[in-house]
Structures are given as C-alpha cells and as structure tokens.
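Source file: query_38.txt. Holds: compact mmCIF, C-alpha atoms and all ligand atoms.
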```
# COMPACT_ATOMS: atom_id res chain seq x y z
CA MET A 1 15.28 7.83 -10.54
CA ARG A 2 16.07 11.23 -9.07
CA GLN A 3 19.59 12.36 -8.30
CA ILE A 4 19.86 13.56 -4.68
CA ASP A 5 22.35 16.40 -4.15
CA ARG A 6 25.17 15.02 -1.97
CA GLN A 7 26.24 18.54 -0.91
CA VAL A 8 22.80 19.17 0.62
CA TYR A 9 21.61 15.71 1.69
CA GLY A 10 24.97 13.92 2.21
CA PRO A 11 27.54 12.73 2.96
CA TRP A 12 25.48 10.38 5.15
CA ALA A 13 21.77 9.51 5.32
CA LEU A 14 19.83 7.45 7.85
CA VAL A 15 16.92 5.20 6.83
CA THR A 16 14.72 3.25 9.25
CA GLY A 17 12.94 0.10 8.11
CA ALA A 18 15.77 -0.31 5.61
CA SER A 19 15.75 -4.12 5.61
CA SER A 20 12.74 -4.46 3.29
CA GLY A 21 10.22 -2.82 0.96
CA ILE A 22 10.07 0.97 0.73
CA GLY A 23 12.94 1.52 3.20
CA ALA A 24 15.34 -0.75 1.30
CA GLU A 25 14.42 1.12 -1.88
CA PHE A 26 15.03 4.51 -0.19
CA ALA A 27 18.47 3.23 0.80
CA ARG A 28 19.18 2.05 -2.76
CA GLN A 29 18.19 5.36 -4.39
CA ILE A 30 20.14 7.39 -1.82
CA ALA A 31 23.24 5.24 -2.33
CA ALA A 32 22.84 5.59 -6.11
CA SER A 33 23.40 9.33 -5.57
CA GLY A 34 26.71 8.57 -3.85
CA ILE A 35 25.46 9.16 -0.31
CA ASN A 36 26.55 6.76 2.49
CA VAL A 37 23.71 5.14 4.40
CA VAL A 38 22.99 4.12 8.01
CA LEU A 39 20.45 1.29 7.86
CA VAL A 40 18.12 0.62 10.80
CA ALA A 41 15.68 -2.29 11.37
CA ARG A 42 15.42 -5.39 13.56
CA SER A 43 16.75 -8.07 11.21
CA GLN A 44 20.56 -7.88 11.27
CA GLU A 45 20.82 -10.49 8.53
CA ARG A 46 18.57 -8.63 6.07
CA LEU A 47 20.28 -5.32 6.93
CA ARG A 48 23.63 -6.92 6.13
CA ASP A 49 22.29 -8.13 2.76
CA VAL A 50 21.07 -4.62 1.89
CA ALA A 51 24.38 -3.09 3.05
CA THR A 52 26.38 -5.55 0.95
CA SER A 53 24.41 -4.75 -2.20
CA LEU A 54 24.76 -0.97 -1.65
CA GLN A 55 28.53 -1.29 -1.21
CA ARG A 56 28.84 -3.57 -4.24
CA ASP A 57 26.54 -1.64 -6.62
CA HIS A 58 27.15 1.96 -5.54
CA HIS A 59 30.53 1.93 -3.72
CA VAL A 60 29.21 3.79 -0.67
CA ASP A 61 29.93 3.23 3.02
CA THR A 62 27.20 1.76 5.20
CA ARG A 63 26.54 1.24 8.89
CA THR A 64 23.82 -1.06 10.23
CA ILE A 65 21.91 -0.68 13.49
CA SER A 66 19.83 -3.68 14.51
CA LEU A 67 17.14 -2.25 16.75
CA ASP A 68 13.48 -2.80 17.69
CA LEU A 69 11.95 0.66 17.19
CA GLY A 70 8.77 -0.53 18.92
CA GLN A 71 10.60 -0.40 22.29
CA ASP A 72 11.63 2.45 24.61
CA GLY A 73 15.08 4.04 24.55
CA ILE A 74 15.87 3.82 20.84
CA LEU A 75 17.20 7.36 20.56
CA ASP A 76 20.21 6.72 22.81
CA ARG A 77 21.23 3.76 20.63
CA ILE A 78 20.78 5.70 17.39
CA ALA A 79 22.53 8.83 18.69
CA GLU A 80 25.44 6.77 20.00
CA ALA A 81 25.82 5.02 16.63
CA THR A 82 25.58 8.20 14.51
CA ASP A 83 26.99 11.11 16.55
CA ASP A 84 30.29 10.92 14.64
CA LEU A 85 28.60 11.09 11.21
CA ASP A 86 27.58 14.16 9.21
CA ILE A 87 23.99 13.13 8.44
CA GLY A 88 22.16 15.27 5.86
CA LEU A 89 19.06 13.18 5.21
CA VAL A 90 16.81 11.20 7.55
CA VAL A 91 14.06 8.88 6.31
CA SER A 92 11.82 7.78 9.18
CA ASN A 93 10.04 4.99 7.37
CA ALA A 94 9.73 1.97 9.68
CA GLY A 95 6.14 1.23 10.56
CA ALA A 96 3.63 -1.55 10.95
CA GLY A 97 -0.08 -2.21 11.28
CA ASN A 98 -2.24 -4.52 13.31
CA PRO A 99 -5.79 -4.52 11.88
CA GLY A 100 -8.81 -6.05 13.62
CA PRO A 101 -11.60 -5.17 16.05
CA PHE A 102 -9.94 -2.68 18.44
CA ILE A 103 -11.10 -4.12 21.76
CA SER A 104 -10.19 -7.68 20.84
CA LEU A 105 -6.55 -6.82 20.06
CA PRO A 106 -4.06 -7.21 22.95
CA LEU A 107 -3.15 -3.83 24.46
CA ALA A 108 0.59 -4.61 24.53
CA GLY A 109 0.67 -5.02 20.74
CA LEU A 110 -1.27 -1.79 20.20
CA ARG A 111 1.16 0.02 22.48
CA GLU A 112 4.12 -1.24 20.44
CA ILE A 113 2.49 0.11 17.28
CA VAL A 114 2.13 3.52 18.97
CA GLN A 115 5.80 3.41 19.99
CA LEU A 116 6.90 2.47 16.45
CA ASN A 117 4.50 4.62 14.39
CA VAL A 118 4.41 7.68 16.68
CA ILE A 119 7.16 7.96 19.33
CA THR A 120 9.96 6.85 16.99
CA HIS A 121 9.00 9.55 14.45
CA LEU A 122 8.83 12.10 17.29
CA GLU A 123 12.25 11.21 18.65
CA LEU A 124 14.01 11.05 15.29
CA ALA A 125 12.39 14.26 14.02
CA HIS A 126 13.38 16.09 17.23
CA HIS A 127 16.96 14.80 17.42
CA PHE A 128 17.80 15.10 13.72
CA GLY A 129 15.62 18.20 13.22
CA ARG A 130 18.00 19.95 15.64
CA ARG A 131 21.14 18.54 14.01
CA LEU A 132 20.00 19.39 10.47
CA SER A 133 18.92 22.90 11.52
CA GLU A 134 22.34 23.48 13.09
CA ARG A 135 24.11 22.52 9.85
CA GLY A 136 21.66 24.74 7.90
CA ARG A 137 20.78 22.22 5.18
CA GLY A 138 19.37 18.73 4.76
CA GLY A 139 16.15 16.78 4.55
CA LEU A 140 13.68 14.82 6.63
CA VAL A 141 11.19 12.36 5.10
CA LEU A 142 8.45 10.85 7.28
CA VAL A 143 6.46 7.88 6.00
CA SER A 144 2.77 7.92 6.91
CA ALA A 145 -0.14 6.20 5.06
CA ALA A 146 -3.36 7.27 3.33
CA ALA A 147 -5.03 5.62 6.35
CA GLY A 148 -3.67 8.51 8.43
CA ALA A 149 -6.15 10.92 6.82
CA GLY A 150 -8.97 9.86 9.17
CA GLY A 151 -10.28 7.19 11.50
CA LEU A 152 -10.40 3.81 9.77
CA THR A 153 -12.81 1.19 11.16
CA TYR A 154 -10.96 -2.04 12.11
CA MET A 155 -7.67 -0.16 11.75
CA ALA A 156 -8.46 2.29 14.56
CA ASN A 157 -5.05 2.29 16.22
CA ASP A 158 -3.19 1.96 12.91
CA SER A 159 -4.92 4.96 11.30
CA ALA A 160 -4.63 7.05 14.48
CA THR A 161 -0.87 6.43 14.63
CA LYS A 162 -0.41 7.13 10.90
CA ALA A 163 -2.12 10.53 11.39
CA TYR A 164 0.84 11.54 13.59
CA PRO A 165 3.69 11.54 11.02
CA LEU A 166 1.38 13.17 8.46
CA SER A 167 0.49 16.04 10.74
CA LEU A 168 3.98 16.35 12.26
CA GLY A 169 5.59 16.47 8.82
CA GLU A 170 3.16 19.08 7.47
CA ALA A 171 3.95 21.34 10.42
CA LEU A 172 7.72 20.79 10.33
CA HIS A 173 7.73 21.45 6.59
CA GLU A 174 6.94 25.08 7.40
CA GLU A 175 8.73 25.30 10.73
CA LEU A 176 12.14 24.07 9.56
CA GLU A 177 12.10 25.76 6.15
CA SER A 178 13.83 28.90 7.38
CA ALA A 179 16.63 26.73 8.84
CA GLY A 180 17.25 25.24 5.37
CA VAL A 181 15.75 21.84 6.21
CA ASP A 182 13.37 20.30 3.65
CA VAL A 183 10.62 18.16 5.17
CA THR A 184 8.11 16.01 3.33
CA VAL A 185 5.72 13.15 4.09
CA LEU A 186 5.35 10.09 1.90
CA VAL A 187 1.68 9.04 1.99
CA PRO A 188 1.51 5.52 0.52
CA VAL A 189 -1.83 4.06 -0.48
CA LEU A 190 -0.84 0.66 -1.88
CA VAL A 191 2.80 -0.17 -2.58
CA LYS A 192 3.93 -3.68 -3.57
CA THR A 193 6.00 -4.74 -0.55
CA PRO A 194 5.92 -7.70 1.88
CA VAL A 195 3.52 -5.84 4.21
CA VAL A 196 0.76 -6.02 1.58
CA ASP A 197 0.58 -9.82 2.01
CA ARG A 198 1.09 -9.71 5.77
CA ILE A 199 -1.84 -7.34 6.41
CA GLY A 200 -3.91 -8.72 3.51
CA LEU A 201 -4.09 -5.33 1.73
CA GLU A 202 -4.26 -7.00 -1.69
CA ALA A 203 -7.67 -8.44 -0.83
CA ILE A 204 -9.04 -4.94 -0.21
CA ASP A 205 -10.56 -3.23 -3.23
CA LEU A 206 -8.62 0.02 -2.87
CA PRO A 207 -9.40 3.00 -5.14
CA VAL A 208 -5.89 3.01 -6.70
CA ASP A 209 -3.58 0.56 -8.42
CA ALA A 210 -0.60 -0.76 -6.50
CA ILE A 211 2.69 0.96 -7.34
CA SER A 212 6.24 -0.31 -6.91
CA ALA A 213 8.54 0.72 -4.05
CA GLU A 214 10.69 2.44 -6.67
CA GLU A 215 7.75 4.63 -7.75
CA ALA A 216 6.82 5.39 -4.14
CA VAL A 217 10.36 6.57 -3.32
CA ASP A 218 10.47 8.59 -6.51
CA GLU A 219 7.23 10.33 -5.40
CA ALA A 220 8.83 11.12 -2.02
CA PHE A 221 12.02 12.60 -3.51
CA THR A 222 10.01 14.57 -6.08
CA ALA A 223 7.96 16.13 -3.27
CA LEU A 224 11.12 16.80 -1.20
CA LEU A 225 12.98 18.47 -4.07
CA GLU A 226 9.88 20.45 -5.15
CA HIS A 227 9.46 21.65 -1.54
CA ARG A 228 5.97 20.12 -1.12
CA PRO A 229 4.86 19.04 2.38
CA THR A 230 3.34 15.72 1.27
CA THR A 231 3.22 13.41 -1.75
CA ILE A 232 -0.61 13.63 -1.81
CA ASP A 233 -2.13 16.97 -0.86
CA ARG A 234 -5.09 17.09 1.52
CA GLU A 235 -7.57 17.96 -1.26
CA ARG A 236 -6.80 14.74 -3.12
CA LEU A 237 -6.39 12.72 0.07
CA ALA A 238 -9.88 13.39 1.50
CA PRO A 239 -11.93 11.72 -1.30
CA LEU A 240 -9.35 8.93 -1.60
CA PHE A 241 -9.66 8.25 2.12
CA ALA A 242 -13.48 8.19 1.94
CA GLU A 243 -13.39 5.50 -0.78
CA MET A 244 -10.72 3.57 1.03
CA LYS A 245 -12.71 3.53 4.27
CA GLY A 246 -15.67 1.73 2.67
CA ALA A 247 -13.38 -0.83 1.02
CA VAL A 248 -11.50 -1.59 4.25
CA ILE A 249 -14.69 -2.07 6.29
CA THR A 250 -16.13 -4.44 3.66
CA ALA A 251 -12.94 -6.50 3.35
CA ILE A 252 -12.23 -6.85 7.07
CA SER A 253 -15.89 -7.55 7.93
CA LYS A 254 -15.84 -10.39 5.38
CA ARG A 255 -12.60 -11.75 6.82
CA LEU A 256 -13.98 -11.61 10.37
CA ALA A 257 -17.21 -13.35 9.34
CA ALA A 258 -15.20 -16.10 7.62
CA SER A 259 -13.02 -16.66 10.69
CA ARG A 260 -15.98 -16.96 13.12
CA PRO A 261 -16.76 -20.59 14.07
CA ALA A 262 -20.00 -21.84 12.45
CA HIS A 263 -22.76 -22.91 14.88
N1 LIG A 301 3.18 -1.00 1.38
C1 LIG A 301 2.08 -0.27 1.51
O1 LIG A 301 1.12 -0.39 0.73
C2 LIG A 301 2.00 0.76 2.60
C3 LIG A 301 0.77 1.45 2.76
C4 LIG A 301 0.69 2.41 3.75
C5 LIG A 301 1.79 2.69 4.56
N2 LIG A 301 2.96 2.01 4.39
C6 LIG A 301 4.08 2.34 5.30
O2 LIG A 301 5.31 2.31 4.61
C7 LIG A 301 6.37 2.00 5.53
C8 LIG A 301 7.24 0.90 4.94
O3 LIG A 301 6.47 -0.27 4.81
P1 LIG A 301 6.72 -1.36 3.68
O4 LIG A 301 5.51 -1.40 2.83
O5 LIG A 301 8.04 -1.16 3.06
O6 LIG A 301 6.71 -2.68 4.57
P2 LIG A 301 7.81 -3.81 4.87
O7 LIG A 301 8.38 -4.32 3.59
O8 LIG A 301 7.15 -4.74 5.80
O9 LIG A 301 8.96 -3.00 5.62
C9 LIG A 301 8.81 -2.53 6.93
C10 LIG A 301 10.19 -2.16 7.44
O10 LIG A 301 10.05 -1.66 8.78
C11 LIG A 301 10.88 -2.43 9.64
N3 LIG A 301 10.24 -2.57 10.94
C12 LIG A 301 8.99 -3.04 11.21
N4 LIG A 301 8.79 -3.06 12.54
C13 LIG A 301 9.95 -2.62 13.11
C14 LIG A 301 10.38 -2.45 14.45
N5 LIG A 301 9.58 -2.75 15.49
N6 LIG A 301 11.63 -1.96 14.68
C15 LIG A 301 12.45 -1.69 13.64
N7 LIG A 301 12.11 -1.83 12.35
C16 LIG A 301 10.86 -2.30 12.10
C17 LIG A 301 11.03 -3.78 8.95
O11 LIG A 301 12.26 -4.42 9.30
P3 LIG A 301 12.44 -5.61 10.39
O12 LIG A 301 11.27 -6.52 10.24
O13 LIG A 301 13.76 -6.20 10.00
O14 LIG A 301 12.50 -4.91 11.69
C18 LIG A 301 11.11 -3.37 7.50
O15 LIG A 301 12.43 -2.97 7.18
C19 LIG A 301 5.68 1.61 6.85
O16 LIG A 301 5.70 2.70 7.74
C20 LIG A 301 4.26 1.30 6.41
O17 LIG A 301 3.32 1.49 7.44
C21 LIG A 301 3.09 1.04 3.43
```
Output the file's structure in the form of structure tokens.
Ligand SMILES: NC(=O)c1ccc[n+]([C@@H]2O[C@H](COP(=O)([O-])OP(=O)(O)OC[C@H]3O[C@@H](n4cnc5c(N)ncnc54)[C@H](OP(=O)(O)O)[C@@H]3O)[C@@H](O)[C@H]2O)c1
Amino acid sequence: MRQIDRQVYGPWALVTGASSGIGAEFARQIAASGINVVLVARSQERLRDVATSLQRDHHVDTRTISLDLGQDGILDRIAEATDDLDIGLVVSNAGAGNPGPFISLPLAGLREIVQLNVITHLELAHHFGRRLSERGRGGLVLVSAAAGAGGLTYMANDSATKAYPLSLGEALHEELESAGVDVTVLVPVLVKTPVVDRIGLEAIDLPVDAISAEEAVDEAFTALLEHRPTTIDRERLAPLFAEMKGAVITAISKRLAASRPAH
C-alpha cells in the first residue's frame, strides 16, 4: 500500500461512494496515511460502519454525508458540509450501471445514471478543482471504467457516461498541473466488489482477471504519484475495449434470450 503525503493531499480528503467496494478501500488507504476522510454515499448505516473502522484502525477524524448523487443539487449539500475543512484530495468514485437494450430501459433511470456518472463528476471537479488550485497543491481522482473507451452495445448509456470522467480527467491532468493539482483517472476493468454480482459482470468473459479493490486503489495512487493521467493509457485501452465489447454483447444477448418467454 502506498503512503500518501499528508502535507500535499491532507489534512482532509473526500471520497464519494465510500460505503462499499473501491470507494471504501480508497477511504481505508487514505486514512492509513493519517489523512481525515469525508465519506459520501446514500447508505448512512454503511457509511457509519466505514467511519467507525477508520477511526478505530487509523485514529483519523471522519465526517459522513448521506446523499443521493443521482439527484440535482448535490453540490450545495457537499459544499455546506465541507467548506470549513482543508481538503487536499478528492476521489469522485461513486457510479453505477444499468445494462440492457437501450430503448427498453426507463428514461428516468437512464437520466439518474447520467446525473451520477457525469454531472456529479463535473460539479465536484469544478468546485474542488478551484479550491485545490487556490491552495496550490492536492489531488483529484476520477473513477471511470474500461467501458468508457467506446460505445458498448447493451451498455449504451453506461459506456457513454463513463467516457465523461475519462475524458474530463485526461484534460484536467494537463490543465491543473501548473496550479500544483495532480489529476488521474482510475479505469477499472473488473474489480471484485458488490457491483460485479449486481450487474452480472462475472458471467462476462472479460479479457482480464478480476483484481481486488486494494489493487485497484493501489493502481490509482501509483498513477497519481507518478503524474500519469490514467491507470491504463489509451494505447493499451483500445485493444482491451475491442475484446471486451465482443464479450459483453455475447453475454448480454444470451441473458436476454434466456429471459424471453418461450412460445
Ligand atoms: N467493480 C468493477 O469491476 C468496476 C468496473 C468498472 C467501473 N467501476 C466503477 O467503480 C466505481 C466504484 O464501484 P464499485 O465496484 O466499488 O461498486 P460498489 O461496491 O457497488 O460501490 C458503489 C458505491 O457508489 C455509491 N453509490 C451508488 N449510487 C449512488 C448514488 N446514487 N448516490 C450516492 N452514492 C452512490 C454506493 O453507495 P450507496 O449504495 O450507499 O449509495 C457505493 O458506495 C463506480 O463508479 C463503478 O462504475 C467498477
């Protein structure tokens, strides 16, 4: 596990989607470096459990914000809850997917995914990008997905929304560098977290082995500290995406065929 410099990225960090999976692991590794953490997600109970373990194991302070990031107006709540803190690191990780044939999925659900996977990254990157630039040091990590490298059949809205943090982060990596702000994008392919079961990713024959959340976060901090814009560069991402696309179409087509009523 990498040590994160508290002078640069502390004394406080903010992590979204911190109640589970990759986000909870980000919070753990940040706290292990002695940095206090603001934890954001919907489930207040799971946030409290994560906060309790960080305080117990790493003796840091925590603050929890129970918030649905798939709704409008999240920035006011987050700003109000963090304006008094000196935040040096922001991990915009919360995200979700909703695979299936695009036109059969309810529009309201697709809109929520856009709000969560696109607008929330935009608002956090803008708000904290300004604050970090003003203090002249710090870091911003955006969590995308390998699916964001192109249009993925049966994950049309999901892949389109995951393209946003990837592209935004690549651009901000260069744009904020002169202000002393390090920006990187974590591009997960398959990480063992609860979402893998929920979306049925395990059933898809992806071109890589699943890694742990601990390994994924280590990849992100390695890229951040080595001043790389992403954990997987575009040259490696393009062939990976091409293989992944075929596997996703096959798996979801099979699932759809199995769920159709027999005549
Ligand atoms: N695991 C993979 O293989 C994989 C692959 C590609 C991309 N990713 C990306 O990695 C990120 C983390 O996912 P994960 O694998 O750690 O999944 P996870 O275990 O399901 O965690 C998702 C986190 O996001 C939070 N979240 C979801 N919807 C939210 C909402 N509307 N408002 C606020 N918080 C919300 C969840 O908390 P609550 O439910 O408490 O709100 C949870 O803390 C996501 O952006 C995901 O798309 C993961």
Show me a table, sorted first by chain and then by increasing residue number, of the residues of chain A having an atom at most 6 Å from ligand LIG 301 (chain A), each with its shortest atom pair and the distance in Å to one decimal, counting all atoms listed in the file and written as a tab-separated table.
```
residue	atom	partner	partner_atom	distance
A:Gly17	CA	A:LIG301	O15	3.2
A:Ala18	CA	A:LIG301	O15	4.5
A:Ser19	CA	A:LIG301	O15	3.8
A:Ser20	CA	A:LIG301	O15	4.2
A:Gly21	CA	A:LIG301	O5	3.5
A:Ile22	CA	A:LIG301	O5	3.8
A:Gly23	CA	A:LIG301	O5	5.6
A:Ala41	CA	A:LIG301	N7	3.7
A:Arg42	CA	A:LIG301	O14	3.5
A:Ser43	CA	A:LIG301	O13	3.7
A:Leu67	CA	A:LIG301	C15	5.7
A:Asp68	CA	A:LIG301	N6	3.6
A:Leu69	CA	A:LIG301	N6	3.6
A:Gly70	CA	A:LIG301	N5	4.2
A:Asn93	CA	A:LIG301	O16	4.9
A:Ala94	CA	A:LIG301	O10	3.8
A:Gly95	CA	A:LIG301	O16	3.2
A:Ala96	CA	A:LIG301	O17	4.7
A:Leu116	CA	A:LIG301	N5	5.9
A:Val143	CA	A:LIG301	O16	5.5
A:Ser144	CA	A:LIG301	C5	5.8
A:Ala145	CA	A:LIG301	C5	4.0
A:Pro188	CA	A:LIG301	C4	4.6
A:Val189	CA	A:LIG301	C3	4.9
A:Leu190	CA	A:LIG301	O1	3.4
A:Val191	CA	A:LIG301	O1	3.7
A:Lys192	CA	A:LIG301	N1	5.7
A:Thr193	CA	A:LIG301	O4	4.8
A:Pro194	CA	A:LIG301	O7	4.5
A:Val195	CA	A:LIG301	O8	4.1
A:Val196	CA	A:LIG301	N1	5.6
```
For Thr52 (chain A), the nearest of the candidates A:Ser133, A:Ser167, A:Thr64, A:Ser212, counting all atoms listed in the file: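 Distance minimum relative to Thr52 (chain A) lands on A:Thr64.
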Tell me, counting all atoms listed in the file, for each residue of region 146-170 of chain A within 8 Å of region 228-246 of chain A, which pair of atoms is nearest and how far apart they are in Å to one decimal, in rows ordered by chain and increasing number, as JSON lines.
```
{"residue": "A:Ala146", "atom": "CA", "partner": "A:Phe241", "partner_atom": "CA", "distance": 6.5}
{"residue": "A:Ala147", "atom": "CA", "partner": "A:Phe241", "partner_atom": "CA", "distance": 6.8}
{"residue": "A:Ala149", "atom": "CA", "partner": "A:Phe241", "partner_atom": "CA", "distance": 6.4}
{"residue": "A:Gly150", "atom": "CA", "partner": "A:Phe241", "partner_atom": "CA", "distance": 7.3}
{"residue": "A:Leu152", "atom": "CA", "partner": "A:Lys245", "partner_atom": "CA", "distance": 6.0}
{"residue": "A:Thr153", "atom": "CA", "partner": "A:Lys245", "partner_atom": "CA", "distance": 7.3}
{"residue": "A:Leu166", "atom": "CA", "partner": "A:Thr230", "partner_atom": "CA", "distance": 7.9}
{"residue": "A:Gly169", "atom": "CA", "partner": "A:Pro229", "partner_atom": "CA", "distance": 7.0}
{"residue": "A:Glu170", "atom": "CA", "partner": "A:Pro229", "partner_atom": "CA", "distance": 5.4}
```
Polymer residues at most 10 Å from Asn36 (chain A), all atoms listed in the file, same-chain spacing of 2 or more positions, as a ChimeraX atom specification: /A:6,10-14,27,30-34,38-39,54-55,58-63,85,87
Pairwise distance for CA of Leu124 (chain A) and CA of Gly151 (chain A), rounded to one decimal in Å: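 According to the coordinates, CA of Leu124 (chain A) and CA of Gly151 (chain A) are separated by 24.9 Å.
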Among the residues A:Ala247, A:Ile119, A:Leu140, A:Val40, the one that comes closest to Val208 (chain A) [using only C-alpha atoms]: A:Ala247
Asp182 (chain A) surroundings by only C-alpha atoms, 12 Å radius, close-in-sequence under 5 positions cut, as a VMD selection string: chain A and resid 8 to 9 88 to 91 129 132 to 133 136 to 142 169 to 177 220 to 230
Between CA of Ile74 (chain A) and CA of Ile113 (chain A), distance in Å (one decimal):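 The value is 14.3 Å.
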Å distance separating CA of Thr120 (chain A) from CA of Val187 (chain A), one decimal place: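 Straight-line distance from CA of Thr120 (chain A) to CA of Val187 (chain A) works out to 17.3 Å.
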Write out as a Markdown table a residue-level contact list of region 65-158 of chain A versus region 252-259 of chain A with cut-off 10 Å: for each qualifying residue the closest pair of atoms and the distance in Å to one decimal, counting all atoms listed in the file, rows sorted by chain and residue number upward.
```
| residue | atom | partner | partner_atom | distance |
| --- | --- | --- | --- | --- |
| A:Pro99 | CA | A:Ile252 | CA | 8.4 |
| A:Gly100 | CA | A:Ile252 | CA | 7.4 |
| A:Pro101 | CA | A:Leu256 | CA | 8.9 |
| A:Thr153 | CA | A:Ile252 | CA | 9.0 |
| A:Tyr154 | CA | A:Ile252 | CA | 7.1 |
| A:Met155 | CA | A:Ile252 | CA | 9.4 |
```
Using all atoms listed in the file: which of A:Val114, A:Ala179, A:Leu122, A:Ala79 has the shortest distance to Ala160 (chain A):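 For Ala160 (chain A), the nearest of the given residues is A:Val114.
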Nearest-residue call for Leu75 (chain A), choices A:Asp197, A:Glu215, A:Glu123, A:Asp49, using all atoms listed in the file: A:Glu123
Repaired coordinates for region 52-74 of chain A (N, CA and C atoms) as a compact mmCIF listing (two decimals), in the coordinates of the input:
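Everything below was put into out-v6.txt:
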```
# COMPACT_ATOMS: atom_id res chain seq x y z
N THR A 52 25.44 -4.95 1.91
CA THR A 52 26.38 -5.55 0.95
C THR A 52 26.05 -5.13 -0.48
N SER A 53 24.75 -5.11 -0.82
CA SER A 53 24.41 -4.75 -2.20
C SER A 53 24.66 -3.26 -2.45
N LEU A 54 24.48 -2.41 -1.45
CA LEU A 54 24.76 -0.97 -1.65
C LEU A 54 26.26 -0.74 -1.87
N GLN A 55 27.07 -1.44 -1.07
CA GLN A 55 28.53 -1.29 -1.21
C GLN A 55 28.99 -1.80 -2.58
N ARG A 56 28.43 -2.94 -2.97
CA ARG A 56 28.84 -3.57 -4.24
C ARG A 56 28.38 -2.73 -5.45
N ASP A 57 27.11 -2.30 -5.43
CA ASP A 57 26.54 -1.64 -6.62
C ASP A 57 26.86 -0.15 -6.69
N HIS A 58 27.03 0.49 -5.52
CA HIS A 58 27.15 1.96 -5.54
C HIS A 58 28.41 2.48 -4.83
N HIS A 59 29.22 1.57 -4.30
CA HIS A 59 30.53 1.93 -3.72
C HIS A 59 30.40 2.98 -2.62
N VAL A 60 29.37 2.87 -1.80
CA VAL A 60 29.21 3.79 -0.67
C VAL A 60 29.54 3.05 0.63
N ASP A 61 29.74 3.83 1.70
CA ASP A 61 29.93 3.23 3.02
C ASP A 61 28.55 3.01 3.65
N THR A 62 28.46 2.01 4.50
CA THR A 62 27.20 1.76 5.20
C THR A 62 27.49 1.47 6.66
N ARG A 63 26.47 1.64 7.48
CA ARG A 63 26.54 1.24 8.89
C ARG A 63 25.18 0.64 9.20
N THR A 64 25.12 -0.47 9.90
CA THR A 64 23.82 -1.06 10.23
C THR A 64 23.56 -0.97 11.73
N ILE A 65 22.31 -0.71 12.08
CA ILE A 65 21.91 -0.68 13.49
C ILE A 65 20.71 -1.62 13.62
N SER A 66 20.92 -2.73 14.30
CA SER A 66 19.83 -3.68 14.51
C SER A 66 19.09 -3.29 15.79
N LEU A 67 17.84 -2.87 15.63
CA LEU A 67 17.14 -2.25 16.75
C LEU A 67 15.63 -2.42 16.61
N ASP A 68 14.95 -2.74 17.71
CA ASP A 68 13.48 -2.80 17.69
C ASP A 68 12.95 -1.40 18.02
N LEU A 69 12.42 -0.72 17.01
CA LEU A 69 11.95 0.66 17.19
C LEU A 69 10.58 0.71 17.86
N GLY A 70 10.04 -0.47 18.19
CA GLY A 70 8.77 -0.53 18.92
C GLY A 70 9.00 -0.57 20.43
N GLN A 71 10.27 -0.38 20.85
CA GLN A 71 10.60 -0.40 22.29
C GLN A 71 11.12 0.97 22.72
N ASP A 72 11.11 1.20 24.03
CA ASP A 72 11.63 2.45 24.61
C ASP A 72 13.14 2.59 24.42
N GLY A 73 13.63 3.81 24.43
CA GLY A 73 15.08 4.04 24.55
C GLY A 73 15.85 3.92 23.26
N ILE A 74 15.17 4.03 22.11
CA ILE A 74 15.87 3.82 20.84
C ILE A 74 16.80 4.99 20.50
```
